[in-house]
file entry29.pdb (PDB, C-alpha atoms, pLDDT in the B column)
ATOM      1  CA  MET T   1     -25.151 139.527 197.421  1.00 49.00           C
ATOM      2  CA  SER T   2     -28.871 139.735 196.977  1.00 45.00           C
ATOM      3  CA  ALA T   3     -31.354 137.554 198.755  1.00 40.00           C
ATOM      4  CA  GLN T   4     -32.321 135.861 195.522  1.00 41.00           C
ATOM      5  CA  GLN T   5     -30.889 132.461 194.696  1.00 45.00           C
ATOM      6  CA  SER T   6     -28.018 133.448 192.438  1.00 53.00           C
ATOM      7  CA  CYS T   7     -24.394 132.495 192.415  1.00 62.00           C
ATOM      8  CA  GLY T   8     -22.228 134.830 194.460  1.00 68.00           C
ATOM      9  CA  CYS T   9     -18.891 133.834 193.004  1.00 68.00           C
ATOM     10  CA  SER T  10     -18.686 136.344 190.182  1.00 67.00           C
ATOM     11  CA  GLY T  11     -16.168 138.753 191.658  1.00 73.00           C
ATOM     12  CA  GLY T  12     -15.438 140.563 194.860  1.00 85.00           C
ATOM     13  CA  PRO T  13     -17.640 143.378 196.102  1.00 92.00           C
ATOM     14  CA  LYS T  14     -16.610 146.999 196.524  1.00 97.00           C
ATOM     15  CA  LEU T  15     -16.970 147.352 200.268  1.00 98.00           C
ATOM     16  CA  ILE T  16     -17.712 150.530 202.207  1.00 98.00           C
ATOM     17  CA  PHE T  17     -17.024 150.880 205.917  1.00 98.00           C
ATOM     18  CA  ALA T  18     -18.353 153.916 207.773  1.00 98.00           C
ATOM     19  CA  CYS T  19     -17.527 154.941 211.315  1.00 97.00           C
ATOM     20  CA  SER T  20     -21.231 155.434 212.116  1.00 97.00           C
ATOM     21  CA  GLY T  21     -20.029 157.269 215.212  1.00 96.00           C
ATOM     22  CA  ALA T  22     -22.131 159.110 217.754  1.00 97.00           C
ATOM     23  CA  ALA T  23     -21.364 162.629 216.551  1.00 98.00           C
ATOM     24  CA  ASP T  24     -23.093 164.446 213.707  1.00 98.00           C
ATOM     25  CA  VAL T  25     -20.299 163.572 211.294  1.00 98.00           C
ATOM     26  CA  GLY T  26     -20.568 159.903 212.272  1.00 98.00           C
ATOM     27  CA  GLU T  27     -24.229 159.960 211.316  1.00 98.00           C
ATOM     28  CA  ILE T  28     -23.427 161.680 208.029  1.00 98.00           C
ATOM     29  CA  ALA T  29     -20.787 159.034 207.260  1.00 98.00           C
ATOM     30  CA  ASP T  30     -23.283 156.312 208.071  1.00 98.00           C
ATOM     31  CA  LYS T  31     -26.068 157.773 205.950  1.00 98.00           C
ATOM     32  CA  ALA T  32     -23.716 158.366 203.034  1.00 98.00           C
ATOM     33  CA  ALA T  33     -22.584 154.736 203.168  1.00 98.00           C
ATOM     34  CA  ARG T  34     -26.205 153.549 203.248  1.00 98.00           C
ATOM     35  CA  LYS T  35     -27.041 155.768 200.292  1.00 98.00           C
ATOM     36  CA  LEU T  36     -24.113 154.343 198.317  1.00 98.00           C
ATOM     37  CA  ASN T  37     -25.341 150.854 199.194  1.00 97.00           C
ATOM     38  CA  ARG T  38     -28.875 151.674 198.041  1.00 98.00           C
ATOM     39  CA  ASP T  39     -27.609 153.279 194.850  1.00 97.00           C
ATOM     40  CA  GLY T  40     -25.525 150.212 194.015  1.00 96.00           C
ATOM     41  CA  VAL T  41     -22.218 152.076 194.089  1.00 97.00           C
ATOM     42  CA  GLY T  42     -20.756 149.677 196.641  1.00 97.00           C
ATOM     43  CA  ARG T  43     -21.757 147.442 199.516  1.00 96.00           C
ATOM     44  CA  MET T  44     -21.844 148.859 203.009  1.00 97.00           C
ATOM     45  CA  PHE T  45     -20.297 146.332 205.376  1.00 97.00           C
ATOM     46  CA  CYS T  46     -20.104 146.017 209.147  1.00 97.00           C
ATOM     47  CA  MET T  47     -17.195 147.850 210.726  1.00 98.00           C
ATOM     48  CA  ALA T  48     -18.135 146.292 214.055  1.00 97.00           C
ATOM     49  CA  GLY T  49     -17.434 142.902 212.515  1.00 97.00           C
ATOM     50  CA  ILE T  50     -13.896 144.006 211.745  1.00 98.00           C
ATOM     51  CA  GLY T  51     -13.426 145.161 215.333  1.00 97.00           C
ATOM     52  CA  GLY T  52     -14.916 141.927 216.622  1.00 97.00           C
ATOM     53  CA  ARG T  53     -12.679 139.899 214.291  1.00 98.00           C
ATOM     54  CA  ILE T  54     -15.663 137.995 212.921  1.00 98.00           C
ATOM     55  CA  SER T  55     -14.162 135.454 210.546  1.00 98.00           C
ATOM     56  CA  GLY T  56     -16.795 135.784 207.833  1.00 98.00           C
ATOM     57  CA  ILE T  57     -16.514 139.579 207.807  1.00 98.00           C
ATOM     58  CA  LEU T  58     -12.712 139.445 207.733  1.00 98.00           C
ATOM     59  CA  LYS T  59     -12.508 136.855 204.957  1.00 97.00           C
ATOM     60  CA  THR T  60     -15.139 138.597 202.847  1.00 97.00           C
ATOM     61  CA  SER T  61     -13.202 141.848 203.248  1.00 97.00           C
ATOM     62  CA  GLU T  62      -9.995 140.128 202.188  1.00 96.00           C
ATOM     63  CA  ALA T  63     -11.777 138.983 199.029  1.00 95.00           C
ATOM     64  CA  ALA T  64     -13.190 142.438 198.239  1.00 96.00           C
ATOM     65  CA  GLU T  65     -12.370 144.125 194.966  1.00 95.00           C
ATOM     66  CA  SER T  66     -11.801 147.377 196.846  1.00 97.00           C
ATOM     67  CA  ILE T  67     -12.451 148.926 200.239  1.00 98.00           C
ATOM     68  CA  LEU T  68     -13.427 152.492 201.071  1.00 98.00           C
ATOM     69  CA  ALA T  69     -13.199 153.698 204.661  1.00 98.00           C
ATOM     70  CA  ILE T  70     -15.337 156.711 205.602  1.00 98.00           C
ATOM     71  CA  ASP T  71     -14.342 158.438 208.831  1.00 98.00           C
ATOM     72  CA  GLY T  72     -16.439 161.206 210.287  1.00 98.00           C
ATOM     73  CA  CYS T  73     -13.724 162.929 212.258  1.00 98.00           C
ATOM     74  CA  PRO T  74      -9.932 163.131 212.514  1.00 97.00           C
ATOM     75  CA  LEU T  75      -9.804 160.311 215.063  1.00 98.00           C
ATOM     76  CA  ASN T  76      -9.924 158.089 211.972  1.00 98.00           C
ATOM     77  CA  CYS T  77     -11.342 155.085 213.817  1.00 98.00           C
ATOM     78  CA  VAL T  78     -12.278 153.172 210.663  1.00 98.00           C
ATOM     79  CA  LYS T  79      -8.825 153.617 209.202  1.00 98.00           C
ATOM     80  CA  ALA T  80      -7.198 152.516 212.459  1.00 98.00           C
ATOM     81  CA  GLY T  81      -9.580 149.596 212.869  1.00 98.00           C
ATOM     82  CA  LEU T  82      -8.942 148.278 209.382  1.00 98.00           C
ATOM     83  CA  GLU T  83      -5.193 148.646 209.766  1.00 98.00           C
ATOM     84  CA  GLN T  84      -5.193 146.854 213.103  1.00 98.00           C
ATOM     85  CA  ALA T  85      -7.077 144.006 211.450  1.00 98.00           C
ATOM     86  CA  GLY T  86      -4.359 143.743 208.819  1.00 98.00           C
ATOM     87  CA  PHE T  87      -5.873 145.741 205.960  1.00 98.00           C
ATOM     88  CA  ASN T  88      -3.467 148.172 204.400  1.00 96.00           C
ATOM     89  CA  THR T  89      -4.798 148.651 200.899  1.00 96.00           C
ATOM     90  CA  PHE T  90      -7.906 150.777 201.005  1.00 98.00           C
ATOM     91  CA  ARG T  91      -9.097 154.239 200.127  1.00 98.00           C
ATOM     92  CA  HIS T  92      -9.849 156.650 202.926  1.00 98.00           C
ATOM     93  CA  LEU T  93     -12.305 159.534 203.088  1.00 98.00           C
ATOM     94  CA  GLN T  94     -12.335 161.847 206.059  1.00 98.00           C
ATOM     95  CA  LEU T  95     -15.247 164.261 206.337  1.00 98.00           C
ATOM     96  CA  ALA T  96     -13.152 167.139 207.680  1.00 97.00           C
ATOM     97  CA  ASP T  97     -11.452 167.150 204.288  1.00 97.00           C
ATOM     98  CA  LEU T  98     -14.828 168.080 202.833  1.00 98.00           C
ATOM     99  CA  GLY T  99     -15.257 170.919 205.312  1.00 97.00           C
ATOM    100  CA  LEU T 100     -17.542 168.963 207.631  1.00 98.00           C
ATOM    101  CA  GLU T 101     -16.363 169.695 211.152  1.00 97.00           C
ATOM    102  CA  LYS T 102     -17.292 167.562 214.127  1.00 97.00           C
ATOM    103  CA  CYS T 103     -20.129 168.940 216.268  1.00 97.00           C
ATOM    104  CA  LYS T 104     -20.657 171.759 213.777  1.00 97.00           C
ATOM    105  CA  SER T 105     -22.175 169.852 210.860  1.00 98.00           C
ATOM    106  CA  PRO T 106     -25.924 169.297 210.982  1.00 97.00           C
ATOM    107  CA  VAL T 107     -27.077 166.074 209.378  1.00 98.00           C
ATOM    108  CA  THR T 108     -28.748 167.273 206.202  1.00 98.00           C
ATOM    109  CA  GLU T 109     -29.541 165.713 202.855  1.00 98.00           C
ATOM    110  CA  GLU T 110     -27.065 168.125 201.330  1.00 98.00           C
ATOM    111  CA  SER T 111     -24.192 167.022 203.554  1.00 98.00           C
ATOM    112  CA  VAL T 112     -24.995 163.333 203.060  1.00 98.00           C
ATOM    113  CA  ASN T 113     -25.123 163.810 199.287  1.00 98.00           C
ATOM    114  CA  LYS T 114     -21.839 165.720 199.361  1.00 98.00           C
ATOM    115  CA  VAL T 115     -20.078 162.854 201.126  1.00 98.00           C
ATOM    116  CA  ALA T 116     -21.736 160.219 198.966  1.00 98.00           C
ATOM    117  CA  ALA T 117     -20.697 162.018 195.799  1.00 98.00           C
ATOM    118  CA  ARG T 118     -17.057 162.214 196.862  1.00 98.00           C
ATOM    119  CA  ALA T 119     -17.111 158.605 198.020  1.00 98.00           C
ATOM    120  CA  ALA T 120     -18.580 157.483 194.695  1.00 98.00           C
ATOM    121  CA  GLU T 121     -15.752 159.257 192.887  1.00 97.00           C
ATOM    122  CA  MET T 122     -13.203 157.485 195.055  1.00 97.00           C
ATOM    123  CA  ILE T 123     -14.828 154.088 194.571  1.00 95.00           C
ATOM    124  CA  GLY T 124     -14.955 154.590 190.829  1.00 87.00           C
ATOM    125  CA  SER T 125     -11.391 155.820 190.475  1.00 70.00           C
TER
ATOM    126  CA  MET A 126     -14.985 115.477 214.800  1.00 92.00           C
ATOM    127  CA  LYS A 127     -14.402 118.347 212.389  1.00 94.00           C
ATOM    128  CA  LYS A 128     -17.449 120.131 211.071  1.00 96.00           C
ATOM    129  CA  LEU A 129     -16.979 121.432 207.546  1.00 97.00           C
ATOM    130  CA  GLN A 130     -19.534 123.675 205.906  1.00 98.00           C
ATOM    131  CA  ILE A 131     -19.516 124.671 202.275  1.00 97.00           C
ATOM    132  CA  LEU A 132     -21.298 127.941 201.644  1.00 97.00           C
ATOM    133  CA  GLY A 133     -22.617 128.351 198.125  1.00 95.00           C
ATOM    134  CA  THR A 134     -25.689 128.032 196.012  1.00 89.00           C
ATOM    135  CA  GLY A 135     -24.456 125.041 194.040  1.00 86.00           C
ATOM    136  CA  CYS A 136     -22.376 126.416 191.194  1.00 87.00           C
ATOM    137  CA  PRO A 137     -19.365 124.476 189.825  1.00 90.00           C
ATOM    138  CA  LYS A 138     -16.966 126.317 192.158  1.00 92.00           C
ATOM    139  CA  CYS A 139     -19.008 125.285 195.181  1.00 93.00           C
ATOM    140  CA  LYS A 140     -18.991 121.679 194.018  1.00 94.00           C
ATOM    141  CA  LYS A 141     -15.246 121.788 193.459  1.00 96.00           C
ATOM    142  CA  LEU A 142     -14.719 123.204 196.942  1.00 97.00           C
ATOM    143  CA  THR A 143     -16.809 120.366 198.364  1.00 96.00           C
ATOM    144  CA  GLU A 144     -14.664 117.816 196.522  1.00 96.00           C
ATOM    145  CA  ASN A 145     -11.438 119.435 197.710  1.00 97.00           C
ATOM    146  CA  ALA A 146     -12.643 119.645 201.301  1.00 97.00           C
ATOM    147  CA  GLU A 147     -13.632 115.989 201.244  1.00 96.00           C
ATOM    148  CA  ALA A 148     -10.247 115.072 199.759  1.00 96.00           C
ATOM    149  CA  ALA A 149      -8.432 117.065 202.433  1.00 96.00           C
ATOM    150  CA  ALA A 150     -10.373 115.450 205.250  1.00 96.00           C
ATOM    151  CA  GLN A 151      -9.809 111.976 203.802  1.00 95.00           C
ATOM    152  CA  ALA A 152      -6.083 112.659 203.439  1.00 95.00           C
ATOM    153  CA  LEU A 153      -5.846 113.749 207.053  1.00 95.00           C
ATOM    154  CA  GLY A 154      -7.828 110.707 208.093  1.00 95.00           C
ATOM    155  CA  ILE A 155      -9.928 112.622 210.565  1.00 93.00           C
ATOM    156  CA  GLU A 156     -13.557 112.172 211.453  1.00 95.00           C
ATOM    157  CA  HIS A 157     -15.614 114.869 209.842  1.00 95.00           C
ATOM    158  CA  THR A 158     -18.963 115.972 208.569  1.00 97.00           C
ATOM    159  CA  ILE A 159     -19.596 118.086 205.500  1.00 96.00           C
ATOM    160  CA  GLU A 160     -22.691 120.243 205.285  1.00 97.00           C
ATOM    161  CA  LYS A 161     -23.681 122.236 202.220  1.00 96.00           C
ATOM    162  CA  VAL A 162     -25.304 125.555 203.068  1.00 97.00           C
ATOM    163  CA  THR A 163     -27.132 126.764 199.969  1.00 95.00           C
ATOM    164  CA  ASP A 164     -29.655 129.246 201.341  1.00 95.00           C
ATOM    165  CA  ILE A 165     -28.432 132.789 200.791  1.00 93.00           C
ATOM    166  CA  ASN A 166     -29.926 134.033 204.036  1.00 95.00           C
ATOM    167  CA  GLU A 167     -28.137 131.301 205.987  1.00 96.00           C
ATOM    168  CA  ILE A 168     -24.896 132.090 204.153  1.00 96.00           C
ATOM    169  CA  MET A 169     -25.164 135.764 205.040  1.00 95.00           C
ATOM    170  CA  LYS A 170     -25.518 134.893 208.730  1.00 96.00           C
ATOM    171  CA  PHE A 171     -21.835 133.973 208.615  1.00 97.00           C
ATOM    172  CA  GLY A 172     -21.013 137.530 207.486  1.00 96.00           C
ATOM    173  CA  VAL A 173     -20.114 136.144 204.085  1.00 96.00           C
ATOM    174  CA  MET A 174     -21.037 138.107 200.975  1.00 93.00           C
ATOM    175  CA  MET A 175     -19.245 136.013 198.371  1.00 93.00           C
ATOM    176  CA  THR A 176     -19.210 132.340 197.567  1.00 94.00           C
ATOM    177  CA  PRO A 177     -17.923 129.758 197.653  1.00 96.00           C
ATOM    178  CA  ALA A 178     -16.763 129.827 201.239  1.00 97.00           C
ATOM    179  CA  LEU A 179     -15.399 127.203 203.591  1.00 97.00           C
ATOM    180  CA  VAL A 180     -16.217 127.077 207.289  1.00 98.00           C
ATOM    181  CA  VAL A 181     -14.307 124.820 209.682  1.00 97.00           C
ATOM    182  CA  ASP A 182     -15.792 124.348 213.127  1.00 97.00           C
ATOM    183  CA  GLY A 183     -17.686 127.607 212.847  1.00 96.00           C
ATOM    184  CA  GLN A 184     -14.781 129.707 211.595  1.00 97.00           C
ATOM    185  CA  VAL A 185     -14.854 131.047 208.052  1.00 98.00           C
ATOM    186  CA  LYS A 186     -11.518 130.085 206.511  1.00 97.00           C
ATOM    187  CA  VAL A 187     -11.795 131.274 202.929  1.00 97.00           C
ATOM    188  CA  VAL A 188     -14.227 133.308 200.859  1.00 96.00           C
ATOM    189  CA  GLY A 189     -14.531 133.651 197.093  1.00 94.00           C
ATOM    190  CA  LYS A 190     -11.841 131.135 196.253  1.00 93.00           C
ATOM    191  CA  VAL A 191     -11.434 127.396 195.784  1.00 96.00           C
ATOM    192  CA  PRO A 192      -8.347 126.345 197.727  1.00 97.00           C
ATOM    193  CA  SER A 193      -6.546 123.111 196.877  1.00 97.00           C
ATOM    194  CA  PRO A 194      -6.861 120.042 199.122  1.00 97.00           C
ATOM    195  CA  ASP A 195      -3.370 120.785 200.503  1.00 96.00           C
ATOM    196  CA  GLU A 196      -4.380 124.327 201.377  1.00 97.00           C
ATOM    197  CA  ILE A 197      -7.543 123.069 203.042  1.00 97.00           C
ATOM    198  CA  LYS A 198      -5.530 120.567 205.071  1.00 95.00           C
ATOM    199  CA  LYS A 199      -3.631 123.489 206.597  1.00 95.00           C
ATOM    200  CA  MET A 200      -6.912 125.282 207.316  1.00 94.00           C
ATOM    201  CA  MET A 201      -8.167 122.210 209.143  1.00 90.00           C
ATOM    202  CA  ALA A 202      -5.072 121.911 211.320  1.00 81.00           C
TER
END

call {"tool": "encode", "arguments": {"input": "entry29.pdb", "output": "structure tokens"}}
result
Amino acid sequence: MSAQQSCGCSGGPKLIFACSGAADVGEIADKAARKLNRDGVGRMFCMAGIGGRISGILKTSEAAESILAIDGCPLNCVKAGLEQAGFNTFRHLQLADLGLEKCKSPVTEESVNKVAARAAEMIGS
Amino acid sequence: MKKLQILGTGCPKCKKLTENAEAAAQALGIEHTIEKVTDINEIMKFGVMMTPALVVDGQVKVVGKVPSPDEIKKMMA
């Protein structure tokens, strides 16, 4: 929802949650999600709000048209966090599946674009 | 005293939610206040990205839908 005074009741957003973890792949996941947000592919939303069980974040997520979880590494924290909060219907992208290995993947524009491109495909499918 | 807040910029759905919330509170016979929050920036402070939304005593109960008065009564319990 933009900051301008317009009605926000015209359909649920396509939400994107990234792990935004401390490792290189967490940063790539975060930057890819922010790029998708900037490009209008979906709306990045606060994974910490899911963990904190913030009512507004939870209820907005329940009303979303779709949810994409982007995990940097095989610990799959976003996936686990969403599931523990009761969300079971979402798409899941794990960066290792794109050949981006934890602690061995420098944060580059190329890697961010690679993740964003795959995520955009998943959101659009 | 229940504090009800209606989040929305004033479209017909927001107005309907206000009516339903008022009806629910009247039916329960409880003391209450209803505040309309129309500023987008204030709405987003609740973590809400869709409207209308209903907040009861600081807790967001529903987003993007207009629940019936009966449904709202349960949310106020």

call {"tool": "resolve_selection", "arguments": {"input": "entry29.pdb", "expression": "the PyMOL selection byres ((chain A) within 12 of (chain T))", "output": "JSON, numbers by chain"}}
result
{"A": [132, 133, 134, 135, 136, 137, 138, 139, 163, 164, 165, 166, 167, 168, 169, 170, 171, 172, 173, 174, 175, 176, 177, 178, 179, 180, 181, 182, 183, 184, 185, 186, 187, 188, 189, 190, 191]}

call {"tool": "resolve_selection", "arguments": {"input": "entry29.pdb", "expression": "the PyMOL selection byres ((chain A and resi 156) around 12)", "output": "compact mmCIF listing (two decimals) with C-alpha atoms, in the coordinates of the input"}}
result
# COMPACT_ATOMS: atom_id res chain seq x y z
CA MET A 126 -14.98 115.48 214.80
CA LYS A 127 -14.40 118.35 212.39
CA LYS A 128 -17.45 120.13 211.07
CA LEU A 129 -16.98 121.43 207.55
CA GLU A 147 -13.63 115.99 201.24
CA ALA A 149 -8.43 117.06 202.43
CA ALA A 150 -10.37 115.45 205.25
CA GLN A 151 -9.81 111.98 203.80
CA ALA A 152 -6.08 112.66 203.44
CA LEU A 153 -5.85 113.75 207.05
CA GLY A 154 -7.83 110.71 208.09
CA ILE A 155 -9.93 112.62 210.56
CA HIS A 157 -15.61 114.87 209.84
CA THR A 158 -18.96 115.97 208.57
CA ILE A 159 -19.60 118.09 205.50
CA MET A 201 -8.17 122.21 209.14

call {"tool": "residues_around", "arguments": {"input": "entry29.pdb", "residues": "Glu101 (chain T)", "least_positions_apart": "4", "cutoff": "8 Å", "atoms": "all atoms listed in the file", "output": "list in words"}}
result
Val25, Cys73, Leu95, Ala96 and Ser105 of chain T

call {"tool": "write_last_selection", "arguments": {"input": "entry29.pdb", "atoms": "C-alpha atoms", "output": "PDB file, in the frame of the given file"}}
result
ATOM      1  CA  VAL T  25     -20.299 163.572 211.294  1.00 98.00           C
ATOM      2  CA  CYS T  73     -13.724 162.929 212.258  1.00 98.00           C
ATOM      3  CA  LEU T  95     -15.247 164.261 206.337  1.00 98.00           C
ATOM      4  CA  ALA T  96     -13.152 167.139 207.680  1.00 97.00           C
ATOM      5  CA  SER T 105     -22.175 169.852 210.860  1.00 98.00           C
TER       6      SER T 105
END

call {"tool": "resolve_selection", "arguments": {"input": "entry29.pdb", "expression": "the PyMOL selection byres ((chain T and resi 114-123) around 12)", "output": "PyMOL selection string"}}
result
chain T and resi 13-18+25-44+65-72+90-100+107-113+124-125

call {"tool": "closest_residue", "arguments": {"input": "entry29.pdb", "among": "T:Pro106, T:Pro74, T:Gly86, T:Gly21", "to": "Arg53 (chain T)", "atoms": "all atoms listed in the file"}}
result
T:Gly86

call {"tool": "atom_distance", "arguments": {"input": "entry29.pdb", "atom1": "CA of Asn145 (chain A)", "atom2": "CA of Phe87 (chain T)"}}
result
28.1 Å

call {"tool": "axis_aligned_box", "arguments": {"input": "entry29.pdb", "around": "region 100-115 of chain T", "padding_each_side": "5 Å", "output": "AutoDock Vina command-line options"}}
result
--center_x -23.0 --center_y 167.3 --center_z 207.8 --size_x 23.2 --size_y 18.9 --size_z 27.0

call {"tool": "residues_around", "arguments": {"input": "entry29.pdb", "residues": "Ala146 (chain A)", "least_positions_apart": "4", "cutoff": "7 Å", "atoms": "all atoms listed in the file", "output": "short mmCIF file (atom, residue, chain, number, x, y, z; two decimals) with C-alpha atoms, in the frame of the given file"}}
result
data_model
loop_
_atom_site.label_atom_id
_atom_site.label_comp_id
_atom_site.auth_asym_id
_atom_site.auth_seq_id
_atom_site.Cartn_x
_atom_site.Cartn_y
_atom_site.Cartn_z
CA LEU A 142 -14.72 123.20 196.94
CA ALA A 150 -10.37 115.45 205.25
CA PRO A 194 -6.86 120.04 199.12
CA ILE A 197 -7.54 123.07 203.04
#

call {"tool": "atom_distance", "arguments": {"input": "entry29.pdb", "atom1": "CA of Cys103 (chain T)", "atom2": "CA of Val78 (chain T)"}}
result
18.5 Å

call {"tool": "decode", "arguments": {"input": "entry29.pdb", "residues": "region 126-196 of chain A", "atoms": "C-alpha atoms", "output": "short mmCIF file (atom, residue, chain, number, x, y, z; two decimals), in the first residue's frame"}}
result
data_model
loop_
_atom_site.label_atom_id
_atom_site.label_comp_id
_atom_site.auth_asym_id
_atom_site.auth_seq_id
_atom_site.Cartn_x
_atom_site.Cartn_y
_atom_site.Cartn_z
CA MET A 126 -14.28 -0.16 27.92
CA LYS A 127 -13.49 -1.72 24.56
CA LYS A 128 -11.49 0.35 22.13
CA LEU A 129 -12.40 -0.34 18.52
CA GLN A 130 -10.41 1.12 15.66
CA ILE A 131 -11.41 0.97 12.04
CA LEU A 132 -8.46 1.20 9.69
CA GLY A 133 -9.31 2.50 6.24
CA THR A 134 -9.30 5.57 4.10
CA GLY A 135 -13.08 5.92 3.97
CA CYS A 136 -14.26 3.69 1.15
CA PRO A 137 -17.67 1.94 1.31
CA LYS A 138 -16.12 -1.20 2.83
CA CYS A 139 -14.60 0.83 5.65
CA LYS A 140 -17.94 2.47 6.33
CA LYS A 141 -19.68 -0.89 6.34
CA LEU A 142 -17.12 -2.27 8.79
CA THR A 143 -17.75 0.72 11.05
CA GLU A 144 -21.49 0.05 10.96
CA ASN A 145 -21.01 -3.65 11.71
CA ALA A 146 -18.60 -2.95 14.56
CA GLU A 147 -21.03 -0.48 16.08
CA ALA A 148 -23.87 -3.00 15.72
CA ALA A 149 -21.79 -5.71 17.37
CA ALA A 150 -20.86 -3.50 20.30
CA GLN A 151 -24.47 -2.38 20.76
CA ALA A 152 -25.67 -5.99 20.67
CA LEU A 153 -23.17 -6.98 23.33
CA GLY A 154 -24.18 -3.97 25.38
CA ILE A 155 -20.64 -3.11 26.32
CA GLU A 156 -19.05 0.27 26.77
CA HIS A 157 -16.90 1.08 23.80
CA THR A 158 -15.28 3.72 21.68
CA ILE A 159 -14.88 3.62 17.93
CA GLU A 160 -12.04 5.49 16.27
CA LYS A 161 -11.58 5.76 12.52
CA VAL A 162 -7.94 5.72 11.46
CA THR A 163 -7.76 7.09 7.93
CA ASP A 164 -4.14 8.17 7.58
CA ILE A 165 -2.19 5.58 5.62
CA ASN A 166 0.97 6.12 7.64
CA GLU A 167 -0.93 5.53 10.88
CA ILE A 168 -2.56 2.43 9.39
CA MET A 169 0.81 1.01 8.40
CA LYS A 170 2.08 1.40 11.97
CA PHE A 171 -0.21 -1.50 12.84
CA GLY A 172 1.63 -3.68 10.31
CA VAL A 173 -1.46 -3.61 8.13
CA MET A 174 -1.07 -3.37 4.36
CA MET A 175 -4.69 -3.86 3.34
CA THR A 176 -7.93 -2.24 4.38
CA PRO A 177 -10.40 -2.28 5.85
CA ALA A 178 -9.09 -3.65 9.11
CA LEU A 179 -10.53 -3.93 12.59
CA VAL A 180 -8.50 -3.45 15.75
CA VAL A 181 -9.86 -4.38 19.18
CA ASP A 182 -7.94 -3.13 22.18
CA GLY A 183 -4.78 -2.82 20.12
CA GLN A 184 -4.98 -6.23 18.47
CA VAL A 185 -5.64 -6.45 14.75
CA LYS A 186 -8.51 -8.90 14.35
CA VAL A 187 -9.22 -8.87 10.63
CA VAL A 188 -7.65 -7.40 7.52
CA GLY A 189 -9.09 -6.97 4.03
CA LYS A 190 -12.55 -8.22 4.88
CA VAL A 191 -15.82 -6.93 6.29
CA PRO A 192 -16.97 -9.41 8.93
CA SER A 193 -20.62 -9.56 9.97
CA PRO A 194 -21.76 -8.13 13.32
CA ASP A 195 -21.97 -11.70 14.69
CA GLU A 196 -18.40 -12.40 13.64
#
